[in-house]
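> Below is query-v6.csv; it holds CSV, N, CA and C atoms.
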```
chain,number,residue,atom,x,y,z
A,295,MET,N,-31.4,-91.6,-62.6
A,295,MET,CA,-29.9,-91.3,-62.7
A,295,MET,C,-29.3,-91.7,-61.3
A,296,SER,N,-28.2,-92.4,-61.4
A,296,SER,CA,-27.5,-92.9,-60.2
A,296,SER,C,-26.4,-91.9,-59.8
A,297,CYS,N,-25.9,-92.0,-58.7
A,297,CYS,CA,-24.8,-91.1,-58.2
A,297,CYS,C,-23.6,-91.2,-59.1
A,298,GLU,N,-23.3,-92.3,-59.7
A,298,GLU,CA,-22.2,-92.4,-60.6
A,298,GLU,C,-22.3,-91.5,-61.8
A,299,ASP,N,-23.5,-91.2,-62.2
A,299,ASP,CA,-23.8,-90.4,-63.4
A,299,ASP,C,-23.9,-88.9,-63.1
A,300,VAL,N,-23.8,-88.5,-61.8
A,300,VAL,CA,-24.0,-87.1,-61.4
A,300,VAL,C,-22.8,-86.3,-61.9
A,301,CYS,N,-23.1,-85.2,-62.6
A,301,CYS,CA,-22.1,-84.3,-63.1
A,301,CYS,C,-22.6,-82.9,-62.9
A,302,ILE,N,-22.2,-82.3,-61.7
A,302,ILE,CA,-22.7,-81.0,-61.4
A,302,ILE,C,-22.1,-79.9,-62.4
A,303,ARG,N,-23.0,-79.1,-62.9
A,303,ARG,CA,-22.5,-78.1,-63.8
A,303,ARG,C,-22.8,-76.7,-63.1
A,304,GLY,N,-21.7,-76.1,-62.7
A,304,GLY,CA,-21.8,-74.8,-62.1
A,304,GLY,C,-22.0,-73.7,-63.1
A,305,ASP,N,-22.3,-72.5,-62.6
A,305,ASP,CA,-22.5,-71.4,-63.5
A,305,ASP,C,-21.2,-70.7,-63.6
A,306,SER,N,-20.4,-71.1,-64.6
A,306,SER,CA,-19.1,-70.5,-64.8
A,306,SER,C,-19.3,-69.4,-65.9
A,307,ASP,N,-18.4,-68.4,-65.8
A,307,ASP,CA,-18.4,-67.3,-66.8
A,307,ASP,C,-17.1,-67.2,-67.5
A,308,ASP,N,-17.1,-67.0,-68.7
A,308,ASP,CA,-15.9,-66.9,-69.5
A,308,ASP,C,-15.3,-65.5,-69.5
A,309,GLY,N,-15.7,-64.6,-68.6
A,309,GLY,CA,-15.2,-63.3,-68.5
A,309,GLY,C,-13.9,-63.2,-67.7
A,310,CYS,N,-13.3,-64.3,-67.3
A,310,CYS,CA,-12.0,-64.3,-66.6
A,310,CYS,C,-10.9,-64.0,-67.5
A,311,GLU,N,-10.1,-62.9,-67.2
A,311,GLU,CA,-9.0,-62.5,-68.0
A,311,GLU,C,-7.8,-63.4,-67.8
A,312,TRP,N,-7.5,-63.8,-66.5
A,312,TRP,CA,-6.5,-64.7,-66.2
A,312,TRP,C,-6.7,-65.3,-64.8
A,313,SER,N,-6.1,-66.4,-64.5
A,313,SER,CA,-6.2,-66.9,-63.1
A,313,SER,C,-4.9,-67.7,-62.8
A,314,THR,N,-4.6,-67.9,-61.5
A,314,THR,CA,-3.5,-68.7,-61.0
A,314,THR,C,-4.1,-69.6,-59.9
A,315,GLU,N,-3.6,-70.8,-59.8
A,315,GLU,CA,-4.0,-71.7,-58.7
A,315,GLU,C,-2.8,-72.3,-58.1
A,316,LYS,N,-2.8,-72.3,-56.8
A,316,LYS,CA,-1.7,-72.9,-56.0
A,316,LYS,C,-2.2,-73.6,-54.8
A,317,THR,N,-1.6,-74.7,-54.4
A,317,THR,CA,-1.8,-75.3,-53.1
A,317,THR,C,-0.7,-74.8,-52.2
A,318,LEU,N,-1.2,-74.3,-51.0
A,318,LEU,CA,-0.3,-73.7,-50.1
A,318,LEU,C,-0.5,-74.2,-48.7
A,319,LYS,N,0.4,-74.0,-47.8
A,319,LYS,CA,0.2,-74.3,-46.4
A,319,LYS,C,-0.1,-73.0,-45.6
A,320,ALA,N,-1.1,-73.0,-44.8
A,320,ALA,CA,-1.5,-71.8,-44.1
A,320,ALA,C,-0.5,-71.4,-43.1
A,321,ARG,N,-0.2,-70.1,-43.0
A,321,ARG,CA,0.7,-69.6,-41.9
A,321,ARG,C,-0.2,-68.9,-40.9
A,322,ILE,N,-1.4,-68.5,-41.3
A,322,ILE,CA,-2.4,-67.9,-40.4
A,322,ILE,C,-3.7,-68.6,-40.6
A,323,THR,N,-4.7,-68.3,-39.8
A,323,THR,CA,-6.0,-68.9,-40.0
A,323,THR,C,-6.7,-68.1,-41.2
A,324,HIS,N,-7.3,-68.9,-42.1
A,324,HIS,CA,-8.1,-68.4,-43.2
A,324,HIS,C,-9.5,-69.0,-43.1
A,325,LYS,N,-10.4,-68.5,-43.9
A,325,LYS,CA,-11.8,-69.0,-44.0
A,325,LYS,C,-12.0,-69.6,-45.4
A,326,CYS,N,-12.5,-70.8,-45.4
A,326,CYS,CA,-12.8,-71.5,-46.7
A,326,CYS,C,-14.0,-70.8,-47.3
A,327,CYS,N,-13.8,-70.5,-48.6
A,327,CYS,CA,-14.8,-69.7,-49.4
A,327,CYS,C,-16.0,-70.6,-49.7
A,328,GLU,N,-15.9,-71.9,-49.5
A,328,GLU,CA,-17.1,-72.8,-49.7
A,328,GLU,C,-17.9,-73.2,-48.5
A,329,CYS,N,-17.2,-73.7,-47.5
A,329,CYS,CA,-17.9,-74.2,-46.3
A,329,CYS,C,-17.9,-73.1,-45.1
A,330,ALA,N,-17.1,-72.1,-45.3
A,330,ALA,CA,-16.9,-71.1,-44.2
A,330,ALA,C,-16.2,-71.6,-43.0
A,331,GLY,N,-15.6,-72.8,-43.1
A,331,GLY,CA,-14.8,-73.4,-42.0
A,331,GLY,C,-13.4,-72.8,-42.0
A,332,GLU,N,-12.8,-72.9,-40.8
A,332,GLU,CA,-11.5,-72.4,-40.7
A,332,GLU,C,-10.4,-73.3,-41.3
A,333,ILE,N,-9.5,-72.6,-42.0
A,333,ILE,CA,-8.3,-73.3,-42.5
A,333,ILE,C,-7.2,-72.9,-41.5
A,334,HIS,N,-6.7,-73.8,-40.7
A,334,HIS,CA,-5.8,-73.5,-39.6
A,334,HIS,C,-4.3,-73.5,-40.1
A,335,PRO,N,-3.5,-72.8,-39.3
A,335,PRO,CA,-2.1,-72.8,-39.7
A,335,PRO,C,-1.5,-74.2,-39.8
A,336,LYS,N,-0.7,-74.4,-40.8
A,336,LYS,CA,-0.1,-75.7,-41.3
A,336,LYS,C,-1.0,-76.5,-42.1
A,337,ASP,N,-2.3,-76.2,-42.2
A,337,ASP,CA,-3.2,-76.9,-43.1
A,337,ASP,C,-3.0,-76.5,-44.5
A,338,SER,N,-3.1,-77.5,-45.4
A,338,SER,CA,-3.0,-77.1,-46.9
A,338,SER,C,-4.3,-76.6,-47.3
A,339,TYR,N,-4.3,-75.7,-48.3
A,339,TYR,CA,-5.5,-75.1,-48.9
A,339,TYR,C,-5.2,-74.7,-50.3
A,340,GLU,N,-6.2,-74.5,-51.1
A,340,GLU,CA,-6.1,-74.1,-52.5
A,340,GLU,C,-6.3,-72.6,-52.5
A,341,ARG,N,-5.4,-71.8,-53.2
A,341,ARG,CA,-5.7,-70.4,-53.4
A,341,ARG,C,-5.8,-70.1,-54.9
A,342,VAL,N,-6.8,-69.5,-55.3
A,342,VAL,CA,-7.0,-69.1,-56.7
A,342,VAL,C,-7.1,-67.6,-56.7
A,343,VAL,N,-6.3,-67.0,-57.5
A,343,VAL,CA,-6.4,-65.6,-57.8
A,343,VAL,C,-6.7,-65.4,-59.2
A,344,LEU,N,-7.7,-64.5,-59.5
A,344,LEU,CA,-8.1,-64.3,-60.8
A,344,LEU,C,-8.5,-62.8,-61.1
A,345,LYS,N,-8.4,-62.4,-62.3
A,345,LYS,CA,-8.8,-61.1,-62.8
A,345,LYS,C,-10.1,-61.2,-63.6
A,346,TYR,N,-11.1,-60.5,-63.2
A,346,TYR,CA,-12.4,-60.6,-63.8
A,346,TYR,C,-13.0,-59.2,-63.9
A,347,ASP,N,-13.3,-58.8,-65.1
A,347,ASP,CA,-13.8,-57.4,-65.4
A,347,ASP,C,-12.9,-56.3,-64.8
A,348,GLY,N,-11.6,-56.5,-64.9
A,348,GLY,CA,-10.6,-55.5,-64.4
A,348,GLY,C,-10.3,-55.6,-62.9
A,349,ASP,N,-11.1,-56.4,-62.1
A,349,ASP,CA,-10.8,-56.5,-60.7
A,349,ASP,C,-10.1,-57.8,-60.4
A,350,ILE,N,-9.3,-57.8,-59.3
A,350,ILE,CA,-8.6,-59.0,-58.8
A,350,ILE,C,-9.4,-59.6,-57.6
A,351,TYR,N,-9.5,-60.9,-57.7
A,351,TYR,CA,-10.2,-61.7,-56.6
A,351,TYR,C,-9.3,-62.8,-56.2
A,352,SER,N,-9.4,-63.1,-54.9
A,352,SER,CA,-8.6,-64.2,-54.3
A,352,SER,C,-9.6,-65.1,-53.5
A,353,TYR,N,-9.5,-66.4,-53.7
A,353,TYR,CA,-10.4,-67.4,-53.1
A,353,TYR,C,-9.5,-68.5,-52.4
A,354,LYS,N,-9.8,-68.8,-51.2
A,354,LYS,CA,-9.1,-69.9,-50.4
A,354,LYS,C,-10.1,-71.0,-50.1
A,355,THR,N,-9.8,-72.2,-50.5
A,355,THR,CA,-10.7,-73.4,-50.3
A,355,THR,C,-10.0,-74.4,-49.5
A,356,CYS,N,-10.6,-75.0,-48.5
A,356,CYS,CA,-10.0,-76.1,-47.7
A,356,CYS,C,-9.9,-77.3,-48.6
A,357,MET,N,-9.0,-78.2,-48.3
A,357,MET,CA,-8.8,-79.4,-49.1
A,357,MET,C,-10.0,-80.3,-49.2
A,358,ILE,N,-10.7,-80.4,-48.1
A,358,ILE,CA,-11.9,-81.2,-48.1
A,358,ILE,C,-12.9,-80.7,-49.1
A,359,CYS,N,-13.2,-79.4,-49.1
A,359,CYS,CA,-14.1,-78.9,-50.1
A,359,CYS,C,-13.6,-79.1,-51.5
A,360,CYS,N,-12.3,-78.9,-51.7
A,360,CYS,CA,-11.6,-79.2,-53.0
A,360,CYS,C,-11.9,-80.6,-53.5
A,361,GLU,N,-11.7,-81.6,-52.6
A,361,GLU,CA,-11.9,-83.0,-52.9
A,361,GLU,C,-13.3,-83.2,-53.3
A,362,ILE,N,-14.3,-82.7,-52.6
A,362,ILE,CA,-15.7,-82.9,-52.9
A,362,ILE,C,-16.1,-82.2,-54.2
A,363,ARG,N,-15.6,-81.0,-54.4
A,363,ARG,CA,-15.8,-80.3,-55.7
A,363,ARG,C,-15.3,-81.1,-56.8
A,364,ASP,N,-14.1,-81.6,-56.7
A,364,ASP,CA,-13.4,-82.3,-57.8
A,364,ASP,C,-14.2,-83.6,-58.1
A,365,ALA,N,-14.8,-84.2,-57.1
A,365,ALA,CA,-15.5,-85.5,-57.3
A,365,ALA,C,-16.8,-85.4,-58.0
A,366,PHE,N,-17.4,-84.2,-57.9
A,366,PHE,CA,-18.8,-84.1,-58.4
A,366,PHE,C,-19.0,-83.1,-59.6
A,367,TYR,N,-18.0,-82.2,-59.8
A,367,TYR,CA,-18.2,-81.2,-60.8
A,367,TYR,C,-17.6,-81.7,-62.1
A,368,CYS,N,-18.2,-81.3,-63.2
A,368,CYS,CA,-17.7,-81.6,-64.6
A,368,CYS,C,-16.9,-80.4,-65.1
A,369,ASN,N,-15.9,-80.6,-65.9
A,369,ASN,CA,-15.2,-79.5,-66.6
A,369,ASN,C,-14.7,-78.4,-65.6
A,370,GLY,N,-14.5,-78.8,-64.4
A,370,GLY,CA,-13.9,-77.8,-63.4
A,370,GLY,C,-14.7,-76.5,-63.2
A,371,GLY,N,-15.9,-76.5,-63.7
A,371,GLY,CA,-16.8,-75.3,-63.6
A,371,GLY,C,-17.2,-75.0,-62.2
A,372,GLY,N,-18.0,-73.9,-62.2
A,372,GLY,CA,-18.5,-73.5,-60.9
A,372,GLY,C,-18.1,-72.1,-60.5
A,373,VAL,N,-18.9,-71.5,-59.6
A,373,VAL,CA,-18.6,-70.2,-59.1
A,373,VAL,C,-18.1,-70.4,-57.7
A,374,PHE,N,-17.0,-69.7,-57.3
A,374,PHE,CA,-16.5,-69.8,-56.0
A,374,PHE,C,-17.6,-69.4,-55.0
A,375,GLY,N,-17.7,-70.2,-53.9
A,375,GLY,CA,-18.7,-70.0,-52.9
A,375,GLY,C,-20.0,-70.6,-53.1
A,376,SER,N,-20.1,-71.4,-54.2
A,376,SER,CA,-21.4,-72.0,-54.5
A,376,SER,C,-21.4,-73.5,-54.5
A,377,VAL,N,-20.3,-74.2,-54.1
A,377,VAL,CA,-20.2,-75.6,-54.2
A,377,VAL,C,-21.3,-76.3,-53.4
A,378,TRP,N,-21.5,-75.9,-52.1
A,378,TRP,CA,-22.5,-76.5,-51.3
A,378,TRP,C,-23.9,-76.2,-51.8
A,379,ASN,N,-24.2,-75.1,-52.3
A,379,ASN,CA,-25.5,-74.8,-52.8
A,379,ASN,C,-25.8,-75.7,-54.1
A,380,ASP,N,-24.8,-75.8,-54.9
A,380,ASP,CA,-24.9,-76.6,-56.1
A,380,ASP,C,-25.1,-78.1,-55.7
A,381,ILE,N,-24.4,-78.6,-54.7
A,381,ILE,CA,-24.5,-80.0,-54.3
A,381,ILE,C,-25.9,-80.2,-53.7
A,382,GLU,N,-26.4,-79.3,-53.0
A,382,GLU,CA,-27.8,-79.4,-52.4
A,382,GLU,C,-28.8,-79.5,-53.5
A,383,GLU,N,-28.7,-78.6,-54.5
A,383,GLU,CA,-29.7,-78.5,-55.6
A,383,GLU,C,-29.6,-79.7,-56.6
A,384,GLN,N,-28.3,-80.1,-56.9
A,384,GLN,CA,-28.1,-81.0,-58.0
A,384,GLN,C,-27.8,-82.4,-57.6
A,385,LEU,N,-27.4,-82.6,-56.3
A,385,LEU,CA,-27.1,-83.9,-55.8
A,385,LEU,C,-28.0,-84.4,-54.7
A,386,PHE,N,-28.1,-83.6,-53.6
A,386,PHE,CA,-28.9,-84.0,-52.5
A,386,PHE,C,-30.4,-84.1,-52.9
A,387,ALA,N,-30.9,-83.2,-53.7
A,387,ALA,CA,-32.3,-83.1,-54.0
A,387,ALA,C,-32.7,-84.2,-54.9
A,388,GLU,N,-31.8,-84.8,-55.6
A,388,GLU,CA,-32.2,-85.8,-56.7
A,388,GLU,C,-31.5,-87.1,-56.6
A,389,ASN,N,-30.3,-87.2,-56.3
A,389,ASN,CA,-29.5,-88.4,-56.6
A,389,ASN,C,-28.7,-89.0,-55.5
A,390,PHE,N,-28.7,-88.4,-54.3
A,390,PHE,CA,-27.8,-88.8,-53.3
A,390,PHE,C,-28.2,-90.1,-52.6
A,391,SER,N,-27.1,-90.9,-52.5
A,391,SER,CA,-27.3,-92.2,-51.7
A,391,SER,C,-25.9,-92.4,-51.1
A,392,ILE,N,-25.9,-93.4,-50.2
A,392,ILE,CA,-24.6,-93.7,-49.5
A,392,ILE,C,-23.5,-94.1,-50.6
A,393,LYS,N,-23.9,-94.6,-51.7
A,393,LYS,CA,-23.0,-95.0,-52.8
A,393,LYS,C,-22.2,-93.7,-53.3
A,394,CYS,N,-22.8,-92.6,-53.1
A,394,CYS,CA,-22.1,-91.3,-53.5
A,394,CYS,C,-20.8,-91.1,-52.8
A,395,LEU,N,-20.8,-91.6,-51.5
A,395,LEU,CA,-19.6,-91.4,-50.7
A,395,LEU,C,-18.4,-92.1,-51.3
A,396,GLU,N,-18.6,-93.1,-52.2
A,396,GLU,CA,-17.4,-93.7,-52.9
A,396,GLU,C,-16.7,-92.8,-53.9
A,397,ARG,N,-17.3,-91.7,-54.2
A,397,ARG,CA,-16.7,-90.7,-55.2
A,397,ARG,C,-15.6,-89.9,-54.5
A,398,VAL,N,-15.6,-89.8,-53.2
A,398,VAL,CA,-14.6,-89.1,-52.5
A,398,VAL,C,-13.7,-90.1,-51.8
A,399,LYS,N,-12.4,-89.8,-51.6
A,399,LYS,CA,-11.4,-90.8,-51.1
A,399,LYS,C,-11.2,-90.7,-49.6
A,400,SER,N,-11.1,-89.5,-49.1
A,400,SER,CA,-10.7,-89.3,-47.7
A,400,SER,C,-11.9,-89.5,-46.8
A,401,SER,N,-11.6,-90.0,-45.6
A,401,SER,CA,-12.7,-90.2,-44.6
A,401,SER,C,-13.2,-88.8,-44.2
A,402,ALA,N,-12.4,-87.8,-44.2
A,402,ALA,CA,-12.8,-86.4,-43.8
A,402,ALA,C,-13.8,-85.9,-44.8
A,403,ALA,N,-13.6,-86.1,-46.1
A,403,ALA,CA,-14.5,-85.7,-47.1
A,403,ALA,C,-15.8,-86.5,-47.1
A,404,LYS,N,-15.7,-87.8,-46.8
A,404,LYS,CA,-16.9,-88.6,-46.7
A,404,LYS,C,-17.8,-88.1,-45.5
A,405,LYS,N,-17.1,-87.8,-44.4
A,405,LYS,CA,-17.8,-87.3,-43.2
A,405,LYS,C,-18.5,-86.0,-43.4
A,406,LYS,N,-17.8,-85.0,-44.1
A,406,LYS,CA,-18.4,-83.7,-44.4
A,406,LYS,C,-19.6,-83.8,-45.3
A,407,LEU,N,-19.4,-84.7,-46.3
A,407,LEU,CA,-20.5,-84.9,-47.3
A,407,LEU,C,-21.8,-85.5,-46.6
A,408,LEU,N,-21.5,-86.5,-45.8
A,408,LEU,CA,-22.6,-87.1,-45.0
A,408,LEU,C,-23.2,-86.2,-44.0
A,409,ASP,N,-22.4,-85.4,-43.3
A,409,ASP,CA,-22.9,-84.5,-42.3
A,409,ASP,C,-23.8,-83.4,-43.0
A,410,ASN,N,-23.3,-82.9,-44.1
A,410,ASN,CA,-24.1,-81.9,-44.8
A,410,ASN,C,-25.4,-82.4,-45.4
A,411,TRP,N,-25.4,-83.7,-45.8
A,411,TRP,CA,-26.6,-84.3,-46.3
A,411,TRP,C,-27.6,-84.5,-45.2
A,412,ASN,N,-27.1,-85.0,-44.0
A,412,ASN,CA,-28.0,-85.1,-42.9
A,412,ASN,C,-28.6,-83.8,-42.4
A,413,GLY,N,-27.7,-82.7,-42.5
A,413,GLY,CA,-28.2,-81.4,-42.1
A,413,GLY,C,-29.2,-80.9,-43.1
A,414,TRP,N,-29.0,-81.1,-44.4
A,414,TRP,CA,-29.9,-80.7,-45.5
A,414,TRP,C,-31.3,-81.4,-45.3
A,415,LYS,N,-31.2,-82.7,-44.8
A,415,LYS,CA,-32.5,-83.4,-44.6
A,415,LYS,C,-33.1,-83.1,-43.3
A,416,GLY,N,-32.4,-82.3,-42.4
A,416,GLY,CA,-33.0,-81.9,-41.2
A,416,GLY,C,-32.8,-82.9,-40.1
A,417,LEU,N,-31.8,-83.8,-40.2
A,417,LEU,CA,-31.5,-84.8,-39.2
A,417,LEU,C,-30.6,-84.3,-38.1
```
Could I get this file's structure written as structure tokens?


Amino acid sequence: MSCEDVCIRGDSDDGCEWSTEKTLKARITHKCCECAGEIHPKDSYERVVLKYDGDIYSYKTCMICCEIRDAFYCNGGGVFGSVWNDIEEQLFAENFSIKCLERVKSSAAKKKLLDNWNGWKGL
């Protein structure tokens, strides 16, 4: 299987009662739920609020992690906080090549993907 054929399937659950998704500009520093990096004031980020089993959850994701998630996931699935674990298990371990960088558009996303791959390999 080549990188073009990769379609990460996350463990999504149908127990979500409702959800909202917005792209916002940060007024204060936040932490990305995927990479744990800082989302600085004036940076754009995605905020998803959802109700699951009667509880309300809020997740903030930096735009780089959003771009990488959108490039490799199928059907928008996945569990918040698991993007990099899923990428390691389903992309890095089996199918990753420099050609995979073509699936993301921004140079920042390409750099983050390549840096994480090199880190995963122990370089």

> Find the residue from A:Glu396, A:Asp380, A:Glu315, A:Asp299 that sits nearest to A:Arg341; use all atoms listed in the file when measuring.

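Once distances to A:Arg341 are computed over all atoms listed in the file, the minimum belongs to A:Glu315.
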
> Would you pick out the contacts of stretch 399-410 of chain A at 10 Å or less, using only C-alpha atoms, so that residues sharing its chain but fewer than 6 positions from it are not included, and give the list as a PyMOL selection string?

chain A and resi 329+357-362+365+378+381-382+386+390-392+416-417

> Could those selected residues go to a file with N, CA and C atoms, as a tab-separated table (two decimals), in the frame of the given file?


```tsv
chain	number	residue	atom	x	y	z
A	329	CYS	N	-17.20	-73.70	-47.50
A	329	CYS	CA	-17.90	-74.20	-46.30
A	329	CYS	C	-17.90	-73.10	-45.10
A	357	MET	N	-9.00	-78.20	-48.30
A	357	MET	CA	-8.80	-79.40	-49.10
A	357	MET	C	-10.00	-80.30	-49.20
A	358	ILE	N	-10.70	-80.40	-48.10
A	358	ILE	CA	-11.90	-81.20	-48.10
A	358	ILE	C	-12.90	-80.70	-49.10
A	359	CYS	N	-13.20	-79.40	-49.10
A	359	CYS	CA	-14.10	-78.90	-50.10
A	359	CYS	C	-13.60	-79.10	-51.50
A	360	CYS	N	-12.30	-78.90	-51.70
A	360	CYS	CA	-11.60	-79.20	-53.00
A	360	CYS	C	-11.90	-80.60	-53.50
A	361	GLU	N	-11.70	-81.60	-52.60
A	361	GLU	CA	-11.90	-83.00	-52.90
A	361	GLU	C	-13.30	-83.20	-53.30
A	362	ILE	N	-14.30	-82.70	-52.60
A	362	ILE	CA	-15.70	-82.90	-52.90
A	362	ILE	C	-16.10	-82.20	-54.20
A	365	ALA	N	-14.80	-84.20	-57.10
A	365	ALA	CA	-15.50	-85.50	-57.30
A	365	ALA	C	-16.80	-85.40	-58.00
A	378	TRP	N	-21.50	-75.90	-52.10
A	378	TRP	CA	-22.50	-76.50	-51.30
A	378	TRP	C	-23.90	-76.20	-51.80
A	381	ILE	N	-24.40	-78.60	-54.70
A	381	ILE	CA	-24.50	-80.00	-54.30
A	381	ILE	C	-25.90	-80.20	-53.70
A	382	GLU	N	-26.40	-79.30	-53.00
A	382	GLU	CA	-27.80	-79.40	-52.40
A	382	GLU	C	-28.80	-79.50	-53.50
A	386	PHE	N	-28.10	-83.60	-53.60
A	386	PHE	CA	-28.90	-84.00	-52.50
A	386	PHE	C	-30.40	-84.10	-52.90
A	390	PHE	N	-28.70	-88.40	-54.30
A	390	PHE	CA	-27.80	-88.80	-53.30
A	390	PHE	C	-28.20	-90.10	-52.60
A	391	SER	N	-27.10	-90.90	-52.50
A	391	SER	CA	-27.30	-92.20	-51.70
A	391	SER	C	-25.90	-92.40	-51.10
A	392	ILE	N	-25.90	-93.40	-50.20
A	392	ILE	CA	-24.60	-93.70	-49.50
A	392	ILE	C	-23.50	-94.10	-50.60
A	416	GLY	N	-32.40	-82.30	-42.40
A	416	GLY	CA	-33.00	-81.90	-41.20
A	416	GLY	C	-32.80	-82.90	-40.10
A	417	LEU	N	-31.80	-83.80	-40.20
A	417	LEU	CA	-31.50	-84.80	-39.20
A	417	LEU	C	-30.60	-84.30	-38.10
```

> If you run DSSP on the backbone here, which positions in chain A get helix (DSSP H, G or I)? Please write them as a PyMOL selection string.

chain A and resi 297-299+357-366+377-386+392-397+401-415

> Out of stretch 295-342 of chain A, which residues get strand (DSSP E or B) from DSSP, as JSON, numbers by chain?

{"A": [302, 310, 311, 312, 313, 314, 315, 316, 317, 318, 319, 324, 325, 332, 333, 338, 339, 340, 341, 342]}

> Which distance in Å separates atom CA of A:His334 and atom N of A:Arg363, to one decimal?

19.3 Å

> Between atom C of A:Asp347 and atom N of A:Trp312, what is the distance in Å, rounded to a tenth?

9.4 Å

> List the neighbours of A:Ile350 out to 12 Å using only C-alpha atoms; skip same-chain residues closer than 5 positions along the sequence, and give me the result as a VMD selection string.

chain A and resid 310 to 314 342 to 345

> Show me that you can extract stretch 330-394 of chain A, keeping C-alpha atoms, and write it as a compact mmCIF listing (two decimals), in the first residue's frame.


```txt
# COMPACT_ATOMS: atom_id res chain seq x y z
CA ALA A 330 0.14 19.46 23.25
CA GLY A 331 1.75 22.49 21.60
CA GLU A 332 0.76 26.02 22.48
CA ILE A 333 -1.89 27.87 20.54
CA HIS A 334 -0.79 31.49 20.94
CA PRO A 335 -2.98 34.59 21.06
CA LYS A 336 -4.09 35.60 17.54
CA ASP A 337 -3.47 32.05 16.19
CA SER A 338 -6.47 30.35 14.61
CA TYR A 339 -7.59 27.04 16.11
CA GLU A 340 -10.49 24.63 15.90
CA ARG A 341 -12.78 24.28 18.92
CA VAL A 342 -15.17 21.36 19.13
CA VAL A 343 -17.70 21.16 21.94
CA LEU A 344 -19.71 17.97 22.30
CA LYS A 345 -22.09 16.22 24.64
CA TYR A 346 -21.31 12.58 25.29
CA ASP A 347 -23.07 10.39 27.87
CA GLY A 348 -24.57 13.49 29.47
CA ASP A 349 -21.21 15.29 29.91
CA ILE A 350 -19.93 18.31 27.95
CA TYR A 351 -16.41 18.22 26.50
CA SER A 352 -14.39 20.91 24.73
CA TYR A 353 -11.35 20.27 22.52
CA LYS A 354 -8.99 22.83 20.97
CA THR A 355 -6.80 21.77 18.04
CA CYS A 356 -4.06 23.81 16.36
CA MET A 357 -4.52 24.37 12.63
CA ILE A 358 -1.44 22.30 11.76
CA CYS A 359 -2.82 19.22 13.53
CA CYS A 360 -6.21 19.88 11.86
CA GLU A 361 -4.56 19.94 8.44
CA ILE A 362 -2.65 16.71 9.10
CA ARG A 363 -5.76 15.00 10.53
CA ASP A 364 -7.85 16.06 7.54
CA ALA A 365 -5.21 14.80 5.09
CA PHE A 366 -4.99 11.26 6.47
CA TYR A 367 -8.27 10.38 8.21
CA CYS A 368 -11.30 8.88 6.47
CA ASN A 369 -14.85 9.83 7.28
CA GLY A 370 -13.71 12.50 9.76
CA GLY A 371 -13.39 9.80 12.42
CA GLY A 372 -11.07 9.60 15.36
CA VAL A 373 -10.91 10.29 19.03
CA PHE A 374 -9.67 13.67 20.20
CA GLY A 375 -6.11 13.41 21.48
CA SER A 376 -5.26 10.33 19.39
CA VAL A 377 -4.19 11.76 16.02
CA TRP A 378 -0.45 11.32 16.56
CA ASN A 379 -0.83 7.86 18.07
CA ASP A 380 -2.99 6.79 15.11
CA ILE A 381 -0.49 8.27 12.63
CA GLU A 382 2.38 6.39 14.30
CA GLU A 383 0.50 3.08 14.27
CA GLN A 384 -1.22 3.30 10.89
CA LEU A 385 1.08 5.50 8.80
CA PHE A 386 4.62 5.66 10.19
CA ALA A 387 4.81 1.95 11.02
CA GLU A 388 3.67 0.80 7.59
CA ASN A 389 3.39 3.29 4.77
CA PHE A 390 5.29 6.51 5.38
CA SER A 391 7.54 7.96 2.69
CA ILE A 392 8.51 11.46 1.63
CA LYS A 393 5.66 11.23 -0.90
CA CYS A 394 3.22 11.38 2.05
```
